[in-house]
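Asks: The structure under discussion is supplied below as structure tokens; questions concerning it will follow.
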Amino acid sequence: MGLFSALSRSLLSSSTTPSRLSLFNPSKLILSSSLCSAKSHHRNLSDAPNYPVGGAPSFMRGTVFWGPPNSPLTIEDFHMPCPKAGELLIKTKACGVCHSDLHVIKGEIPFASPCVVGHEITGEVVDHGAHTDPGIVKRYPIGAHVVGAFIMPCGSCSFCVKGQDDLCEAFFAYNRAKGTLYDGETRLFLRGSGKPVFMYSMGGLAEYCVVPAHALSVLPNSLPYVESAILGCAVFTAYGAMRHAAELRAGEAIAVIGVGGVGSSCLQIARAFGAAEIIAIDIQDEKLHKAKLVGATHTINAAKEDVIDKIKGITGGMGVDVAVEALGNPRTFVQCTQCVRDGGKAVMIGLAASTAIGEVDINRLVRRQVKIIGSYGARARQDLPKIIKLAEMGIFDLRAAVSRKCKLEEAGEAYDDLNKGSIIGRAIVEIM
């Protein structure tokens with residue numbers, strides 16, 4: 001069994017002992033079932049809402065990554081998260097399985113631990129934090145279905161006030177650097193010990209999560225509740241790359257290197273923007289076959305063909321107007337810069353290990369005006385409603401993008417398969 005497969009499909013049997021239950025076999029599920037009272041923790045609960053709220057229980061389950069690289073995920077009991085001003089409590093319906101989480105699990109990207117990963121969700125509004133603006137309460141009433149973007153803008157920093165939500169200072173300074181929300185505190189606490197657990201974005205691999213309102217958008221009833229989770233990261237990342245970094249125009253040629261969940265979303269967005277040639281590049285024929293179904297006009301198996309020569313042949317010797325690197329690999333970083341035409345744009349969206357370095361031909365960069373642009377995602381307040389509209393109009397095919405669904409107990413196995421490269425599109429964890 002793989003390193004991330006500790007979330008066993010076998011649930012533990014009940015016990016009369018009100019303490020932590022565990023199995024000695026590390027490949028099996030570990031489950032917290034402490035009956036300790038919330039009042040026994042170190043944190044002050046005097047300002048917490050009087051849960052249960054809206055029929056919610058007083059505690060929930062969530063997956064925890066404990067910190068040592070490649071350690072198994074476990075399912076633990078948490079106190080119900082408490083939203084603060086400008087935040088919403090969401091009953092999580094579904095959460096996507098993303099390579100960014102995998103980088104954290106493998107220790108390739110430093111992040112606070114223990115933590116709950118998962119950062120592209122759909123869910124139902126259960127509660128609003130005290131003193132939340134009435135306009136937000138009206139926009140997201142109790143019971144509303146929503147999509148959550150993984151970049152959660154604060155709305156008030158120097159970038160957010162200019163509309164650059166994707167560069168939000170608070171998101172990177174607090175969430176990505178410390179695993180908290182923007183008051184410097186997590187919303188997740190273990191039920192038994194009261195120990196704080198950090199949040200990768202909203203910590204979506206849990207039955208409930210707290211999300212800043214600026215990261216949310218209403219999900220229309222016409223869209224599938226589960227599959228729409230990918231709108232918050234896979235599609236959100238692709239849209240940001242095409243709209244803001246590449247500024248892709250109708251009639252241009254584009255190559256996408258790596259056509260997994262995010263890369264294949266780039267193909268659909270490129271098609272929606274009117275690209276003339278859409279070239280999918282990967283080393284798996286199964287992924288390339290699916291790429292043709294979602295918008296690729298040409299495919300290249302990089303394990304069998306010379307990518308640069310093939311692209312030059314497709315584009316009349318010029319190279320593509322835009323190339324997108326969706327893997328975070330130093331070799332494909334170089335390849336991305338080499339396959340664009342003079343004056344073209346090489347857009348990097350794949351995260352890499354924190355020690356990875358990309359090389360570039362400096363003279364060509366300077367002489368031929370090749371542009372290398374990083375892109376992390378889209379802008380939640382402006383772009384997420386537009387992304388949802390693309391799906392609602394059928395321009396982006398959500399069901400074609402999702403290749404697998406699993407239960408919360410199977411999340412570890414899904415990350416294990418993602419690590420092996422055996423998930424063709426996007427996997428979704430169905431939670432509630």
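Following the order of the structure tokens, first chain is A, next is B, and so on, with residues numbered from 1 inside each chain and ligands from 1 in the order they appear.
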Find the nearest atom pair between each residue of region 59-173 of chain A and region 237-256 of chain A for residues within 12 Å, count only C-alpha atoms, give distances in Å to one decimal, sort rows by chain and ascending number, and present the table as CSV.

Replies:
residue,atom,partner,partner_atom,distance
A:Cys98,CA,A:Thr237,CA,11.5
A:Ser100,CA,A:Thr237,CA,11.6
A:Glu120,CA,A:Thr237,CA,10.9
A:Ala149,CA,A:Thr237,CA,9.6
A:Phe150,CA,A:Thr237,CA,9.3
A:Ile151,CA,A:Thr237,CA,9.7
A:Gly163,CA,A:His244,CA,12.0
A:Gln164,CA,A:His244,CA,10.2
A:Asp165,CA,A:Gly240,CA,10.9
A:Asp166,CA,A:Gly240,CA,8.7
A:Leu167,CA,A:Gly240,CA,11.8

Asks: May I have the selected residues written with C-alpha atoms, as a PDB file, in the first residue's frame?

Replies:
ATOM      1  CA  CYS A  98      -4.458  18.572  -6.168  1.00  0.00           C
ATOM      2  CA  SER A 100      -0.202  21.360  -4.431  1.00  0.00           C
ATOM      3  CA  GLU A 120     -10.856  23.502  -3.888  1.00  0.00           C
ATOM      4  CA  ALA A 149     -11.299  29.691  -4.451  1.00  0.00           C
ATOM      5  CA  PHE A 150      -7.973  28.521  -3.075  1.00  0.00           C
ATOM      6  CA  ILE A 151      -6.484  32.049  -3.136  1.00  0.00           C
ATOM      7  CA  GLY A 163      -8.047  44.265  -7.832  1.00  0.00           C
ATOM      8  CA  GLN A 164      -4.989  41.984  -7.760  1.00  0.00           C
ATOM      9  CA  ASP A 165      -6.525  39.359  -5.490  1.00  0.00           C
ATOM     10  CA  ASP A 166      -4.016  36.776  -6.710  1.00  0.00           C
ATOM     11  CA  LEU A 167      -1.212  38.695  -4.963  1.00  0.00           C
TER      12      LEU A 167
END

Asks: For Leu267 (chain A), find every residue with an atom within 7 Å (counting only C-alpha atoms), except residues of its own chain fewer than 5 positions away, and show them as a list in words.

Replies: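 So, after excluding close chain neighbours, the residues are Ile278, Val294, Gly295 and Ala296 of chain A.
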
Asks: Grab the CA of Asp416 (chain A) to CA of His103 (chain A) distance for me, in Å with one decimal place.

Replies: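 Computing it gives 11.9 Å between the two atoms.
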
Asks: With only C-alpha atoms as the atoms that count, which of A:Gln382, A:Ser375, A:Ala391, A:Asn363 lies nearest to Ala272 (chain A)?

Replies: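 Looking at the shortest contact to Ala272 (chain A), the residue is A:Ala391.
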
Asks: Just give me the gap between CA of Ser193 (chain A) and CA of Glu410 (chain A) in Å, one decimal is fine.

Replies: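 Separation of CA of Ser193 (chain A) and CA of Glu410 (chain A): 25.2 Å.
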
Asks: Quick one: DSSP helix (DSSP H, G or I) residues in region 61-177 of chain A, as a ChimeraX atom specification?

Replies: /A:99-105,134-139,160-162,165-167,169-177

Asks: Counting only C-alpha atoms, which residue out of A:Cys160, A:Ser113, A:Leu88, A:Ile230 sits closest to Ile142 (chain A)?

Replies: A:Leu88

Asks: What is the CA of Cys95 (chain A) to CA of Gly377 (chain A) distance in Å?

Replies: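 Pair CA of Cys95 (chain A) / CA of Gly377 (chain A) returns 17.3 Å.
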
Asks: Mind listing the strand (DSSP E or B) residues of region 73-311 of chain A, per DSSP on the backbone, as an MDAnalysis selection string?

Replies: chainID A and resid 74:79 87:97 115:116 121:128 145:148 188:190 196:199 206 208:212 216:218 253:257 277:282 298:301

Asks: Ranking A:Gly344, A:Gly350, A:Gly184, A:Pro114 by minimum distance to Lys371 (chain A) and counting only C-alpha atoms, which one comes first?

Replies: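 Among the listed residues, the smallest separation from Lys371 (chain A) belongs to A:Gly344.
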